[in-house]
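Q: For reference, this is my_file.cif, and it has mmCIF, C-alpha atoms and all ligand atoms.
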```cif
data_structure
loop_
_atom_site.label_atom_id
_atom_site.label_comp_id
_atom_site.auth_asym_id
_atom_site.auth_seq_id
_atom_site.Cartn_x
_atom_site.Cartn_y
_atom_site.Cartn_z
CA MET A 177 5.13 8.46 30.14
CA ALA A 178 8.20 10.44 28.99
CA THR A 179 8.56 8.70 25.65
CA ALA A 180 9.91 11.74 23.78
CA SER A 181 13.20 11.65 25.63
CA GLU A 182 13.58 7.89 25.18
CA LEU A 183 13.07 7.97 21.42
CA SER A 184 16.14 7.20 19.38
CA ILE A 185 15.06 8.97 16.22
CA ASP A 186 18.61 9.45 14.96
CA GLY A 187 19.18 5.73 15.25
CA MET A 188 15.91 5.00 13.50
CA ILE A 189 16.74 7.45 10.69
CA ALA A 190 20.07 5.67 10.25
CA GLU A 191 18.14 2.39 9.94
CA LEU A 192 15.80 3.98 7.38
CA MET A 193 18.82 5.10 5.34
CA ALA A 194 20.41 1.66 5.57
CA LEU A 195 17.15 0.09 4.42
CA ALA A 196 16.93 2.59 1.54
CA ALA A 197 20.38 1.52 0.36
CA ILE A 198 18.98 -1.98 -0.19
CA SER A 199 17.55 -1.18 -3.60
CA ALA A 200 17.65 -2.41 -7.16
CA ALA A 201 18.39 1.19 -8.25
CA GLU A 202 21.18 3.63 -7.49
CA PRO A 203 20.64 5.88 -4.42
CA PRO A 204 18.60 7.94 -3.76
CA VAL A 205 16.17 5.90 -5.85
CA VAL A 206 14.50 3.02 -4.02
CA THR A 207 13.15 0.14 -6.08
CA ARG A 208 12.24 -2.97 -4.11
CA VAL A 209 9.83 -5.22 -5.91
CA VAL A 210 8.40 -8.12 -3.95
CA PHE A 211 10.53 -11.29 -3.99
CA SER A 212 13.34 -9.52 -5.83
CA GLU A 213 16.84 -9.83 -4.47
CA ALA A 214 16.51 -6.34 -2.90
CA ASP A 215 13.23 -7.27 -1.22
CA LEU A 216 14.76 -10.41 0.26
CA ARG A 217 17.82 -8.55 1.54
CA ALA A 218 15.59 -5.84 3.03
CA ARG A 219 13.56 -8.50 4.83
CA THR A 220 16.75 -9.99 6.28
CA PHE A 221 17.84 -6.52 7.46
CA VAL A 222 14.54 -5.73 9.17
CA LYS A 223 14.19 -9.19 10.70
CA ALA A 224 17.66 -8.82 12.24
CA LEU A 225 16.59 -5.51 13.84
CA CYS A 226 13.46 -7.18 15.19
CA ALA A 227 15.49 -10.07 16.59
CA ASP A 228 17.91 -7.58 18.22
CA ALA A 229 14.88 -5.97 19.87
CA GLY A 230 13.99 -9.37 21.35
CA LEU A 231 10.91 -9.96 19.19
CA ALA A 232 9.81 -13.47 18.22
CA ILE A 233 9.60 -13.73 14.42
CA HIS A 234 7.28 -15.81 12.33
CA GLU A 235 6.63 -15.75 8.56
CA ASP A 236 3.62 -17.06 6.69
CA ALA A 237 3.44 -18.80 3.33
CA VAL A 238 3.59 -15.57 1.28
CA GLY A 239 6.22 -13.91 3.46
CA ASN A 240 4.03 -11.74 5.67
CA THR A 241 6.29 -11.32 8.69
CA PHE A 242 5.12 -11.09 12.30
CA ALA A 243 7.50 -9.92 15.05
CA ARG A 244 5.93 -10.28 18.46
CA TRP A 245 6.59 -8.73 21.85
CA THR A 246 4.78 -11.15 24.10
CA GLY A 247 2.47 -9.57 26.63
CA SER A 248 1.83 -10.64 30.20
CA GLU A 249 -1.39 -12.29 29.01
CA PRO A 250 -0.09 -14.03 25.90
CA ASP A 251 -3.39 -15.75 25.15
CA LEU A 252 -5.10 -12.42 24.45
CA ALA A 253 -5.27 -11.30 20.82
CA PRO A 254 -2.36 -8.92 20.17
CA ILE A 255 -2.35 -5.27 19.17
CA GLY A 256 -0.93 -5.10 15.66
CA THR A 257 1.11 -2.37 14.03
CA GLY A 258 3.27 -2.23 10.91
CA SER A 259 3.24 -1.59 7.19
CA HIS A 260 5.30 -2.66 4.13
CA ILE A 261 8.89 -2.44 2.91
CA ASP A 262 8.36 -3.15 -0.78
CA ALA A 263 8.70 -0.06 -2.97
CA ILE A 264 7.51 0.73 -6.48
CA PRO A 265 10.11 1.39 -9.19
CA ASN A 266 11.69 4.83 -8.77
CA ALA A 267 10.33 5.31 -5.24
CA GLY A 268 11.57 7.11 -2.16
CA LEU A 269 12.45 5.68 1.21
CA TYR A 270 9.59 6.61 3.55
CA ASP A 271 6.45 5.03 2.07
CA GLY A 272 5.76 1.93 4.19
CA SER A 273 9.21 1.79 5.77
CA VAL A 274 8.33 4.55 8.27
CA GLY A 275 5.46 2.39 9.55
CA VAL A 276 7.66 -0.68 9.89
CA LEU A 277 10.77 0.88 11.44
CA GLY A 278 8.61 3.39 13.34
CA GLY A 279 6.57 0.53 14.78
CA LEU A 280 9.78 -1.18 15.80
CA GLU A 281 11.14 2.01 17.38
CA ALA A 282 7.85 2.47 19.28
CA ILE A 283 8.24 -1.05 20.68
CA ARG A 284 11.89 -0.43 21.58
CA VAL A 285 11.08 2.79 23.41
CA LEU A 286 8.31 1.12 25.40
CA LYS A 287 10.75 -1.65 26.34
CA LYS A 288 13.35 0.93 27.36
CA LEU A 289 10.78 2.57 29.60
CA GLY A 290 10.14 -0.74 31.32
CA PHE A 291 6.57 -0.89 30.05
CA GLN A 292 5.01 -4.35 30.22
CA PRO A 293 2.14 -4.85 27.77
CA ARG A 294 -0.77 -6.99 28.88
CA ARG A 295 -1.67 -7.89 25.29
CA SER A 296 1.19 -8.82 23.01
CA ILE A 297 2.25 -6.16 20.52
CA GLU A 298 2.92 -7.55 17.06
CA LEU A 299 4.81 -5.74 14.33
CA VAL A 300 3.67 -6.87 10.88
CA ILE A 301 5.66 -6.46 7.66
CA PHE A 302 3.16 -7.08 4.89
CA THR A 303 4.17 -8.72 1.63
CA ALA A 304 3.68 -6.71 -1.58
CA GLU A 305 1.58 -3.74 -0.56
CA GLU A 306 2.59 -2.32 -3.92
CA PRO A 307 0.96 -3.72 -7.05
CA THR A 308 4.16 -3.60 -9.14
CA ARG A 309 4.73 -7.31 -9.60
CA PHE A 310 1.27 -8.82 -9.74
CA GLY A 311 -0.84 -5.80 -10.68
CA LEU A 312 -2.76 -6.11 -7.43
CA GLY A 313 -2.05 -4.02 -4.32
CA CYS A 314 -1.87 -5.34 -0.75
CA LEU A 315 -1.30 -8.97 -1.70
CA GLY A 316 -0.29 -10.10 1.80
CA SER A 317 -2.97 -8.28 3.78
CA ARG A 318 -5.59 -9.09 1.11
CA MET A 319 -4.89 -12.79 1.64
CA MET A 320 -4.80 -12.41 5.43
CA GLY A 321 -8.20 -10.75 5.29
CA GLY A 322 -9.62 -13.46 3.02
CA VAL A 323 -10.32 -10.95 0.24
CA LEU A 324 -8.09 -12.81 -2.23
CA SER A 325 -8.67 -16.56 -2.16
CA PRO A 326 -5.80 -19.05 -2.46
CA ALA A 327 -7.25 -20.13 -5.82
CA GLN A 328 -7.16 -16.54 -7.10
CA ALA A 329 -3.66 -16.07 -5.69
CA ARG A 330 -2.43 -19.16 -7.56
CA GLU A 331 -3.48 -17.49 -10.81
CA LEU A 332 -1.31 -14.41 -10.22
CA ARG A 333 1.52 -13.97 -12.73
CA ASP A 334 4.09 -11.25 -13.17
CA LYS A 335 4.94 -9.66 -16.54
CA ALA A 336 7.51 -12.38 -17.23
CA GLY A 337 4.81 -15.03 -16.71
CA CYS A 338 6.19 -16.27 -13.36
CA GLY A 339 3.49 -17.33 -10.94
CA LEU A 340 3.16 -16.47 -7.27
CA GLU A 341 3.70 -20.15 -6.36
CA GLU A 342 7.06 -20.31 -8.11
CA LEU A 343 8.20 -16.89 -6.92
CA ARG A 344 7.36 -17.44 -3.26
CA ALA A 345 8.98 -20.89 -3.30
CA ASN A 346 12.16 -19.39 -4.79
CA ALA A 347 12.06 -16.76 -2.05
CA GLY A 348 11.90 -19.53 0.57
CA PHE A 349 8.25 -19.20 1.57
CA THR A 350 6.58 -22.56 1.77
CA GLY A 351 3.39 -23.85 3.34
CA THR A 352 -0.07 -23.74 1.87
CA LEU A 353 -1.65 -20.54 0.65
CA GLU A 354 -4.74 -21.58 2.62
CA SER A 355 -2.77 -20.95 5.84
CA VAL A 356 -2.29 -17.22 5.10
CA ARG A 357 -5.89 -16.28 5.86
CA LEU A 358 -6.33 -15.19 9.47
CA ALA A 359 -9.36 -15.66 11.65
CA PRO A 360 -11.34 -12.53 12.54
CA GLY A 361 -10.12 -11.48 15.96
CA ARG A 362 -6.57 -12.72 15.29
CA PHE A 363 -5.61 -9.13 16.17
CA HIS A 364 -7.49 -7.24 18.85
CA GLN A 365 -6.81 -3.91 17.12
CA PHE A 366 -4.42 -2.70 14.44
CA VAL A 367 -2.83 0.75 14.03
CA GLU A 368 -0.61 1.75 11.09
CA LEU A 369 1.80 4.69 10.91
CA HIS A 370 2.40 6.08 7.40
CA ILE A 371 3.46 9.22 5.60
CA GLU A 372 0.49 11.22 4.33
CA GLN A 373 1.50 11.04 0.65
CA GLY A 374 -0.46 14.27 0.18
CA PRO A 375 0.14 17.94 1.05
CA GLN A 376 -2.41 18.77 3.74
CA LEU A 377 -0.51 18.26 7.00
CA GLU A 378 2.58 20.15 5.91
CA ALA A 379 0.49 23.00 4.46
CA GLU A 380 -1.49 23.30 7.69
CA ARG A 381 1.65 22.85 9.84
CA LEU A 382 0.15 19.90 11.67
CA ASP A 383 2.14 17.07 13.25
CA ILE A 384 -0.33 14.22 12.84
CA GLY A 385 -3.28 13.17 10.68
CA LEU A 386 -5.78 10.79 12.25
CA VAL A 387 -7.29 8.74 9.44
CA THR A 388 -11.03 8.26 9.70
CA HIS A 389 -11.63 6.55 6.33
CA ILE A 390 -9.48 4.77 3.76
CA ALA A 391 -10.65 5.31 0.19
CA ALA A 392 -11.85 2.39 -1.89
CA PRO A 393 -9.52 1.46 -4.77
CA ALA A 394 -10.52 -0.31 -7.97
CA SER A 395 -8.46 -1.37 -10.95
CA LEU A 396 -9.62 -2.27 -14.44
CA ARG A 397 -7.27 -3.82 -17.01
CA ILE A 398 -8.16 -2.97 -20.58
CA GLN A 399 -6.79 -4.67 -23.67
CA ILE A 400 -7.34 -3.16 -27.09
CA ASP A 401 -6.66 -5.32 -30.12
CA GLY A 402 -6.56 -3.49 -33.42
CA GLU A 403 -4.60 -4.06 -36.59
CA GLY A 404 -0.90 -3.40 -37.04
CA GLY A 405 0.92 -2.53 -40.22
CA HIS A 406 3.45 -0.30 -41.92
CA ALA A 407 3.37 3.26 -40.57
CA GLY A 408 4.15 4.72 -43.99
CA ALA A 409 2.51 2.46 -46.51
CA ARG A 410 -0.78 2.03 -44.68
CA LEU A 411 -2.98 5.10 -45.34
CA MET A 412 -5.15 6.62 -42.60
CA PRO A 413 -8.61 5.59 -43.84
CA GLY A 414 -9.61 2.24 -42.41
CA ARG A 415 -6.81 2.03 -39.87
CA ARG A 416 -7.61 0.20 -36.65
CA ASP A 417 -4.87 1.70 -34.51
CA ALA A 418 -5.05 0.31 -30.97
CA LEU A 419 -3.23 3.26 -29.41
CA VAL A 420 -5.53 5.86 -30.95
CA ALA A 421 -8.47 3.88 -29.53
CA ALA A 422 -6.69 3.72 -26.17
CA SER A 423 -6.25 7.50 -26.21
CA GLU A 424 -10.00 7.97 -26.32
CA ILE A 425 -10.32 5.73 -23.27
CA VAL A 426 -7.65 7.67 -21.36
CA LEU A 427 -9.49 10.94 -21.95
CA ALA A 428 -12.87 9.37 -21.20
CA LEU A 429 -11.65 8.29 -17.77
CA GLU A 430 -10.66 11.86 -16.93
CA THR A 431 -14.05 13.12 -18.12
CA ALA A 432 -15.94 10.48 -16.11
CA VAL A 433 -14.01 11.27 -12.94
CA LEU A 434 -14.50 15.03 -13.27
CA ALA A 435 -18.18 14.50 -14.02
CA THR A 436 -18.77 13.18 -10.49
CA GLY A 437 -18.02 16.71 -9.25
CA ALA A 438 -16.50 15.13 -6.13
CA ILE A 439 -13.00 16.03 -5.03
CA ASP A 440 -12.63 12.53 -3.56
CA THR A 441 -12.99 10.77 -6.92
CA VAL A 442 -9.68 10.16 -8.72
CA GLY A 443 -8.75 8.12 -11.78
CA THR A 444 -5.35 7.31 -13.29
CA ILE A 445 -4.03 5.21 -16.14
CA GLY A 446 -0.46 4.50 -15.06
CA VAL A 447 0.34 1.60 -17.37
CA CYS A 448 0.14 1.69 -21.16
CA ASP A 449 1.95 -1.14 -22.95
CA VAL A 450 2.06 -0.67 -26.71
CA PHE A 451 2.75 -3.57 -29.05
CA PRO A 452 4.93 -3.90 -31.05
CA GLY A 453 6.33 -0.58 -29.83
CA ALA A 454 8.22 0.40 -32.96
CA VAL A 455 8.18 3.93 -34.34
CA ASN A 456 7.33 2.78 -37.87
CA SER A 457 4.65 0.27 -36.93
CA ILE A 458 0.95 0.89 -36.29
CA PRO A 459 0.13 -0.29 -32.74
CA SER A 460 -1.82 -3.53 -32.97
CA ARG A 461 -2.31 -4.08 -29.26
CA VAL A 462 -2.41 -1.85 -26.17
CA ARG A 463 -2.83 -2.83 -22.56
CA LEU A 464 -3.98 -0.19 -20.08
CA GLU A 465 -4.11 -0.48 -16.31
CA THR A 466 -6.49 1.94 -14.64
CA ASP A 467 -6.70 2.93 -10.99
CA ILE A 468 -9.92 4.54 -9.73
CA ARG A 469 -10.59 5.51 -6.13
CA ASP A 470 -13.16 7.19 -3.95
CA ILE A 471 -14.32 7.13 -0.36
CA ASP A 472 -17.78 6.42 -1.82
CA ALA A 473 -17.75 2.98 -3.44
CA ASP A 474 -20.99 3.57 -5.41
CA ARG A 475 -19.65 6.75 -6.95
CA ARG A 476 -16.41 4.99 -7.84
CA ASP A 477 -18.39 2.16 -9.41
CA SER A 478 -20.32 4.66 -11.52
CA VAL A 479 -16.99 5.76 -13.02
CA LEU A 480 -16.10 2.13 -13.69
CA ASP A 481 -19.44 1.65 -15.45
CA MET A 482 -18.89 4.74 -17.60
CA LEU A 483 -15.42 3.50 -18.53
CA ARG A 484 -16.78 0.14 -19.61
CA GLU A 485 -19.47 1.88 -21.68
CA THR A 486 -16.79 3.99 -23.36
CA CYS A 487 -14.80 0.85 -24.15
CA ALA A 488 -17.83 -0.70 -25.85
CA ALA A 489 -18.54 2.49 -27.83
CA VAL A 490 -14.90 2.94 -28.93
CA ALA A 491 -14.67 -0.72 -29.97
CA ASN A 492 -17.78 -0.33 -32.06
CA ARG A 493 -16.78 2.93 -33.70
CA ARG A 494 -13.15 2.06 -34.40
CA GLY A 495 -13.54 -1.62 -35.28
CA VAL A 496 -11.14 -2.76 -32.56
CA THR A 497 -11.71 -5.44 -29.94
CA ILE A 498 -11.65 -4.25 -26.34
CA THR A 499 -11.67 -6.60 -23.40
CA THR A 500 -11.88 -5.44 -19.79
CA ASN A 501 -10.91 -7.33 -16.69
CA LEU A 502 -11.78 -6.03 -13.23
CA VAL A 503 -8.70 -6.71 -11.10
CA ASN A 504 -10.16 -5.43 -7.85
CA ALA A 505 -12.95 -3.19 -6.57
CA ASP A 506 -12.52 -2.99 -2.82
CA PRO A 507 -14.86 -1.38 -0.33
CA PRO A 508 -13.62 1.60 1.71
CA ALA A 509 -12.74 1.16 5.38
CA THR A 510 -13.96 3.20 8.32
CA CYS A 511 -11.45 3.56 11.11
CA ASP A 512 -12.38 2.54 14.62
CA ALA A 513 -13.59 5.19 17.08
CA GLU A 514 -11.84 3.64 20.10
CA ILE A 515 -8.42 3.53 18.40
CA LEU A 516 -8.95 7.04 17.05
CA SER A 517 -9.76 8.23 20.56
CA ALA A 518 -6.57 6.58 21.89
CA LEU A 519 -4.60 8.27 19.10
CA GLU A 520 -6.20 11.62 19.88
CA GLN A 521 -5.40 11.28 23.58
CA SER A 522 -1.82 10.37 22.68
CA CYS A 523 -1.51 13.47 20.48
CA VAL A 524 -2.74 15.65 23.34
CA ALA A 525 -0.44 13.99 25.88
CA ALA A 526 2.54 14.28 23.53
CA GLY A 527 1.75 17.91 22.71
CA LYS A 528 1.26 17.20 19.02
CA SER A 529 -1.15 19.07 16.78
CA TYR A 530 -3.50 16.94 14.67
CA LYS A 531 -6.58 16.79 12.55
CA LYS A 532 -8.88 14.06 11.28
CA MET A 533 -8.58 13.26 7.59
CA VAL A 534 -9.26 10.73 4.85
CA SER A 535 -6.61 8.47 3.33
CA ARG A 536 -6.86 8.62 -0.42
CA ALA A 537 -4.00 6.18 -0.77
CA TYR A 538 -4.78 2.57 0.07
CA HIS A 539 -2.94 0.73 2.78
CA ASP A 540 -2.77 -2.76 4.26
CA SER A 541 -5.08 -1.52 7.02
CA LEU A 542 -7.88 -1.49 4.43
CA PHE A 543 -7.77 -5.30 4.40
CA ILE A 544 -6.87 -5.83 8.05
CA ALA A 545 -10.15 -3.98 8.71
CA ARG A 546 -11.81 -7.28 7.68
CA LEU A 547 -10.23 -8.92 10.72
CA CYS A 548 -10.31 -6.34 13.49
CA PRO A 549 -10.82 -2.63 14.24
CA VAL A 550 -8.12 -0.52 12.57
CA ALA A 551 -6.96 3.08 12.46
CA MET A 552 -4.03 4.93 10.93
CA LEU A 553 -1.93 7.93 11.79
CA PHE A 554 -0.22 10.02 9.16
CA ILE A 555 2.81 12.25 9.40
CA PRO A 556 3.52 15.04 6.88
CA CYS A 557 5.74 14.57 3.87
CA ARG A 558 7.38 17.46 2.05
CA GLY A 559 5.22 18.96 -0.68
CA GLY A 560 2.91 15.97 -0.46
CA VAL A 561 5.40 14.11 -2.66
CA SER A 562 5.38 10.31 -2.61
CA HIS A 563 6.15 7.44 -5.00
CA ARG A 564 9.15 9.51 -6.11
CA PRO A 565 12.81 9.49 -5.07
CA ASP A 566 12.49 13.01 -3.59
CA GLU A 567 9.86 11.84 -1.07
CA TYR A 568 10.91 13.27 2.32
CA ALA A 569 9.73 13.29 5.92
CA SER A 570 11.82 15.19 8.47
CA PRO A 571 13.22 13.49 11.58
CA GLU A 572 10.93 15.76 13.64
CA TRP A 573 7.85 14.58 11.77
CA ILE A 574 8.91 10.96 12.08
CA GLY A 575 9.70 11.47 15.77
CA SER A 576 6.21 12.86 16.38
CA GLY A 577 4.61 9.91 14.62
CA VAL A 578 6.61 7.34 16.56
CA HIS A 579 5.96 9.14 19.83
CA VAL A 580 2.19 9.14 19.29
CA LEU A 581 2.28 5.54 18.07
CA ALA A 582 4.23 4.41 21.15
CA ARG A 583 1.76 6.05 23.50
CA THR A 584 -1.15 4.56 21.61
CA LEU A 585 0.32 1.04 21.61
CA ALA A 586 0.87 1.38 25.34
CA GLN A 587 -2.73 2.45 25.89
CA LEU A 588 -4.25 -0.24 23.66
CA SER A 589 -2.10 -3.08 24.99
CA GLY A 590 -2.11 -2.10 28.67
C1 LIG B 1 -0.45 2.59 -2.33
O1 LIG B 1 0.73 2.52 -2.54
C2 LIG B 1 -1.34 3.32 -3.16
O2 LIG B 1 -1.11 3.34 -4.38
O3 LIG B 1 -2.29 3.91 -2.61
MN MN B 2 3.17 3.16 -2.03
MN MN B 3 2.55 2.65 1.52
#
```
Transcribe the structure of this file into structure tokens.

A:
Amino acid sequence: MATASELSIDGMIAELMALAAISAAEPPVVTRVVFSEADLRARTFVKALCADAGLAIHEDAVGNTFARWTGSEPDLAPIGTGSHIDAIPNAGLYDGSVGVLGGLEAIRVLKKLGFQPRRSIELVIFTAEEPTRFGLGCLGSRMMGGVLSPAQARELRDKAGCGLEELRANAGFTGTLESVRLAPGRFHQFVELHIEQGPQLEAERLDIGLVTHIAAPASLRIQIDGEGGHAGARLMPGRRDALVAASEIVLALETAVLATGAIDTVGTIGVCDVFPGAVNSIPSRVRLETDIRDIDADRRDSVLDMLRETCAAVANRRGVTITTNLVNADPPATCDAEILSALEQSCVAAGKSYKKMVSRAYHDSLFIARLCPVAMLFIPCRGGVSHRPDEYASPEWIGSGVHVLARTLAQLSG
């Protein structure tokens, strides 16, 4: 199969750039928060491309979008591919979008070659892979996989207090949340193309990473309530400063993570809201959002336990109240040997260098793994940079990823 010559990578890059321009921020910054005006316009753009490619489009009650190329045996469970198009604030243009537009380009090239799949091939655009709006990653795939129940989803609120129900209705997504969950076997297999978001492939000059495991993410929200007051008139003895207490927790997380001695354990506190947030006012309340990950769920949970113990000790010592709320603690996923073998064969056939590796970022495939066998392929990104406007993957890297994906989809669906 001579897919390399049929690939229209320049055209796909132009589509990536056009998608990137649909942003709440000035170029080159991409900000596309789920159900925002930019997200809705981006969906319209991608759906139009899918329709042009002759795919049949269907959306579920939270906006997960399915674009299907019907196979010659349409009753067979399809092969799924895809990723997300939402983007965190101040993001770049490749995270997620490469998997969506790359999946579409893989389908288009197979069509151009006259390939006829036996199983349908379905491109999926997942809703809200990023946790920006609801504080919970992979909303759409989590609900598809039955990991987040409709009752839990109804409780989700954004920072402005708007609920998922209201936001999805305003975005035009109706139907019951119960209908989002898919039956196991709804897909036969699922394969996701993504940028690595780390430095290994570029450093080792490799074209492709074959993902064997996806690390297990957990998130703990911590609220510290202390006592506010005048920053000048209130003397230091007896203060119950919520931010000083929070600082101890931030450092304790780093200590707990390093104490595992494992390179695969990582911990981050990326959100710190300080109330009232005035230079001359003692912080009375702080909210922290922590992100802890590992490929070993028990080891990750030991860090969570240590963090909770620190919270109790700090509360006791500093006379503040600390409440913790576990947002999620997901198991890791192991990628499927048969899909990995198909990916490996595709790399060899396409003349692409590769290695097996772990995904330390989470992806929708983590939750689709509840429904069917999954695997992922990574392409390099410059300097390992991601979640930043200077994120970059070269057309050659993208072309290699799409080429290998196209071959793999052909093999799995044939
Ligand atoms: C996904 O965006 C992640 O944070 O791993
Ligand atoms: Mn991301
Ligand atoms: Mn992503």

Q: Out of A:Leu434, A:Ala267, A:Val276, A:Ile233, which residue has the shortest atom-to-atom distance to ligand LIG 1 (chain B) when counting only C-alpha atoms and all ligand atoms?

A: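 Using only C-alpha atoms and all ligand atoms, the shortest distance to ligand LIG 1 (chain B) belongs to A:Ala267.
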
Q: Once you count only C-alpha atoms and all ligand atoms, what closest atom pair and distance in Å to one decimal does each residue of chain A within 10 Å of ligand MN 2 (chain B) have, with rows by chain and rising residue number, as a tab-separated table?

A:
```
residue	atom	partner	partner_atom	distance
A:His260	CA	B:MN2	MN	8.7
A:Ile261	CA	B:MN2	MN	9.4
A:Asp262	CA	B:MN2	MN	8.3
A:Ala263	CA	B:MN2	MN	6.5
A:Ile264	CA	B:MN2	MN	6.7
A:Ala267	CA	B:MN2	MN	8.1
A:Gly268	CA	B:MN2	MN	9.3
A:Tyr270	CA	B:MN2	MN	9.2
A:Asp271	CA	B:MN2	MN	5.6
A:Gly272	CA	B:MN2	MN	6.8
A:Ser273	CA	B:MN2	MN	10.0
A:Ala304	CA	B:MN2	MN	9.9
A:Glu305	CA	B:MN2	MN	7.2
A:Glu306	CA	B:MN2	MN	5.8
A:Pro307	CA	B:MN2	MN	8.8
A:Thr308	CA	B:MN2	MN	9.9
A:Gly313	CA	B:MN2	MN	9.2
A:Cys314	CA	B:MN2	MN	10.0
A:His370	CA	B:MN2	MN	9.9
A:Ile371	CA	B:MN2	MN	9.7
A:Gln373	CA	B:MN2	MN	8.5
A:Ala537	CA	B:MN2	MN	7.9
A:Tyr538	CA	B:MN2	MN	8.2
A:His539	CA	B:MN2	MN	8.1
A:Ser562	CA	B:MN2	MN	7.5
A:His563	CA	B:MN2	MN	6.0
A:Arg564	CA	B:MN2	MN	9.6
```

Q: Dump C-alpha atoms for the selected residues as a PDB file, in the coordinates of the input?

A:
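Result saved to again_15.pdb:
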```pdb
ATOM      1  CA  HIS A 260       5.300  -2.660   4.130  1.00  0.00           C
ATOM      2  CA  ILE A 261       8.890  -2.440   2.910  1.00  0.00           C
ATOM      3  CA  ASP A 262       8.360  -3.150  -0.780  1.00  0.00           C
ATOM      4  CA  ALA A 263       8.700  -0.060  -2.970  1.00  0.00           C
ATOM      5  CA  ILE A 264       7.510   0.730  -6.480  1.00  0.00           C
ATOM      6  CA  ALA A 267      10.330   5.310  -5.240  1.00  0.00           C
ATOM      7  CA  GLY A 268      11.570   7.110  -2.160  1.00  0.00           C
ATOM      8  CA  TYR A 270       9.590   6.610   3.550  1.00  0.00           C
ATOM      9  CA  ASP A 271       6.450   5.030   2.070  1.00  0.00           C
ATOM     10  CA  GLY A 272       5.760   1.930   4.190  1.00  0.00           C
ATOM     11  CA  SER A 273       9.210   1.790   5.770  1.00  0.00           C
ATOM     12  CA  ALA A 304       3.680  -6.710  -1.580  1.00  0.00           C
ATOM     13  CA  GLU A 305       1.580  -3.740  -0.560  1.00  0.00           C
ATOM     14  CA  GLU A 306       2.590  -2.320  -3.920  1.00  0.00           C
ATOM     15  CA  PRO A 307       0.960  -3.720  -7.050  1.00  0.00           C
ATOM     16  CA  THR A 308       4.160  -3.600  -9.140  1.00  0.00           C
ATOM     17  CA  GLY A 313      -2.050  -4.020  -4.320  1.00  0.00           C
ATOM     18  CA  CYS A 314      -1.870  -5.340  -0.750  1.00  0.00           C
ATOM     19  CA  HIS A 370       2.400   6.080   7.400  1.00  0.00           C
ATOM     20  CA  ILE A 371       3.460   9.220   5.600  1.00  0.00           C
ATOM     21  CA  GLN A 373       1.500  11.040   0.650  1.00  0.00           C
ATOM     22  CA  ALA A 537      -4.000   6.180  -0.770  1.00  0.00           C
ATOM     23  CA  TYR A 538      -4.780   2.570   0.070  1.00  0.00           C
ATOM     24  CA  HIS A 539      -2.940   0.730   2.780  1.00  0.00           C
ATOM     25  CA  SER A 562       5.380  10.310  -2.610  1.00  0.00           C
ATOM     26  CA  HIS A 563       6.150   7.440  -5.000  1.00  0.00           C
ATOM     27  CA  ARG A 564       9.150   9.510  -6.110  1.00  0.00           C
TER      28      ARG A 564
END
```

Q: Could you give me, as a ChimeraX atom specification, the residues within 10 Å of A:Ser184, counting all atoms listed in the file and dropping anything in the same chain fewer than 4 positions from it?

A: /A:179-180,188-189,281-282,284-285,575,578

Q: Taking (-1.7, -9.2, -3.4) in the file's own coordinates, collect the residues within 10 Å, counting only C-alpha atoms, and hand them back as a compact mmCIF listing (two decimals) with C-alpha atoms, keeping the file's coordinate frame.

A:
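Here's the written file part-v5.txt:
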```
# COMPACT_ATOMS: atom_id res chain seq x y z
CA VAL A 238 3.59 -15.57 1.28
CA PHE A 302 3.16 -7.08 4.89
CA THR A 303 4.17 -8.72 1.63
CA ALA A 304 3.68 -6.71 -1.58
CA GLU A 305 1.58 -3.74 -0.56
CA GLU A 306 2.59 -2.32 -3.92
CA PRO A 307 0.96 -3.72 -7.05
CA THR A 308 4.16 -3.60 -9.14
CA ARG A 309 4.73 -7.31 -9.60
CA PHE A 310 1.27 -8.82 -9.74
CA GLY A 311 -0.84 -5.80 -10.68
CA LEU A 312 -2.76 -6.11 -7.43
CA GLY A 313 -2.05 -4.02 -4.32
CA CYS A 314 -1.87 -5.34 -0.75
CA LEU A 315 -1.30 -8.97 -1.70
CA GLY A 316 -0.29 -10.10 1.80
CA SER A 317 -2.97 -8.28 3.78
CA ARG A 318 -5.59 -9.09 1.11
CA MET A 319 -4.89 -12.79 1.64
CA MET A 320 -4.80 -12.41 5.43
CA VAL A 323 -10.32 -10.95 0.24
CA LEU A 324 -8.09 -12.81 -2.23
CA GLN A 328 -7.16 -16.54 -7.10
CA ALA A 329 -3.66 -16.07 -5.69
CA LEU A 332 -1.31 -14.41 -10.22
CA LEU A 340 3.16 -16.47 -7.27
```

Q: Give the answer as one residue: which of A:His389, A:Arg469, A:Lys335, A:Arg208 has the shortest atom-to-atom distance to A:Leu542, using all atoms listed in the file?

A: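 Nearest candidate to A:Leu542 out of A:His389, A:Arg469, A:Lys335, A:Arg208: A:His389.
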
Q: Name all residues at most 6 Å from A:Val496 (count all atoms listed in the file; drop same-chain ones fewer than 3 positions away) and give them as JSON, numbers by chain.

A: {"A": [401, 402, 491]}

Q: Only C-alpha atoms, please: the residues just picked out, written as an mmCIF file, in the frame of the given file.

A:
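Wrote it out as again-v5.cif, contents follow:
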```cif
data_model
loop_
_atom_site.group_PDB
_atom_site.id
_atom_site.type_symbol
_atom_site.label_atom_id
_atom_site.label_comp_id
_atom_site.auth_asym_id
_atom_site.auth_seq_id
_atom_site.Cartn_x
_atom_site.Cartn_y
_atom_site.Cartn_z
ATOM 1 C CA ASP A 401 -6.660 -5.320 -30.120
ATOM 2 C CA GLY A 402 -6.560 -3.490 -33.420
ATOM 3 C CA ALA A 491 -14.670 -0.720 -29.970
#
```
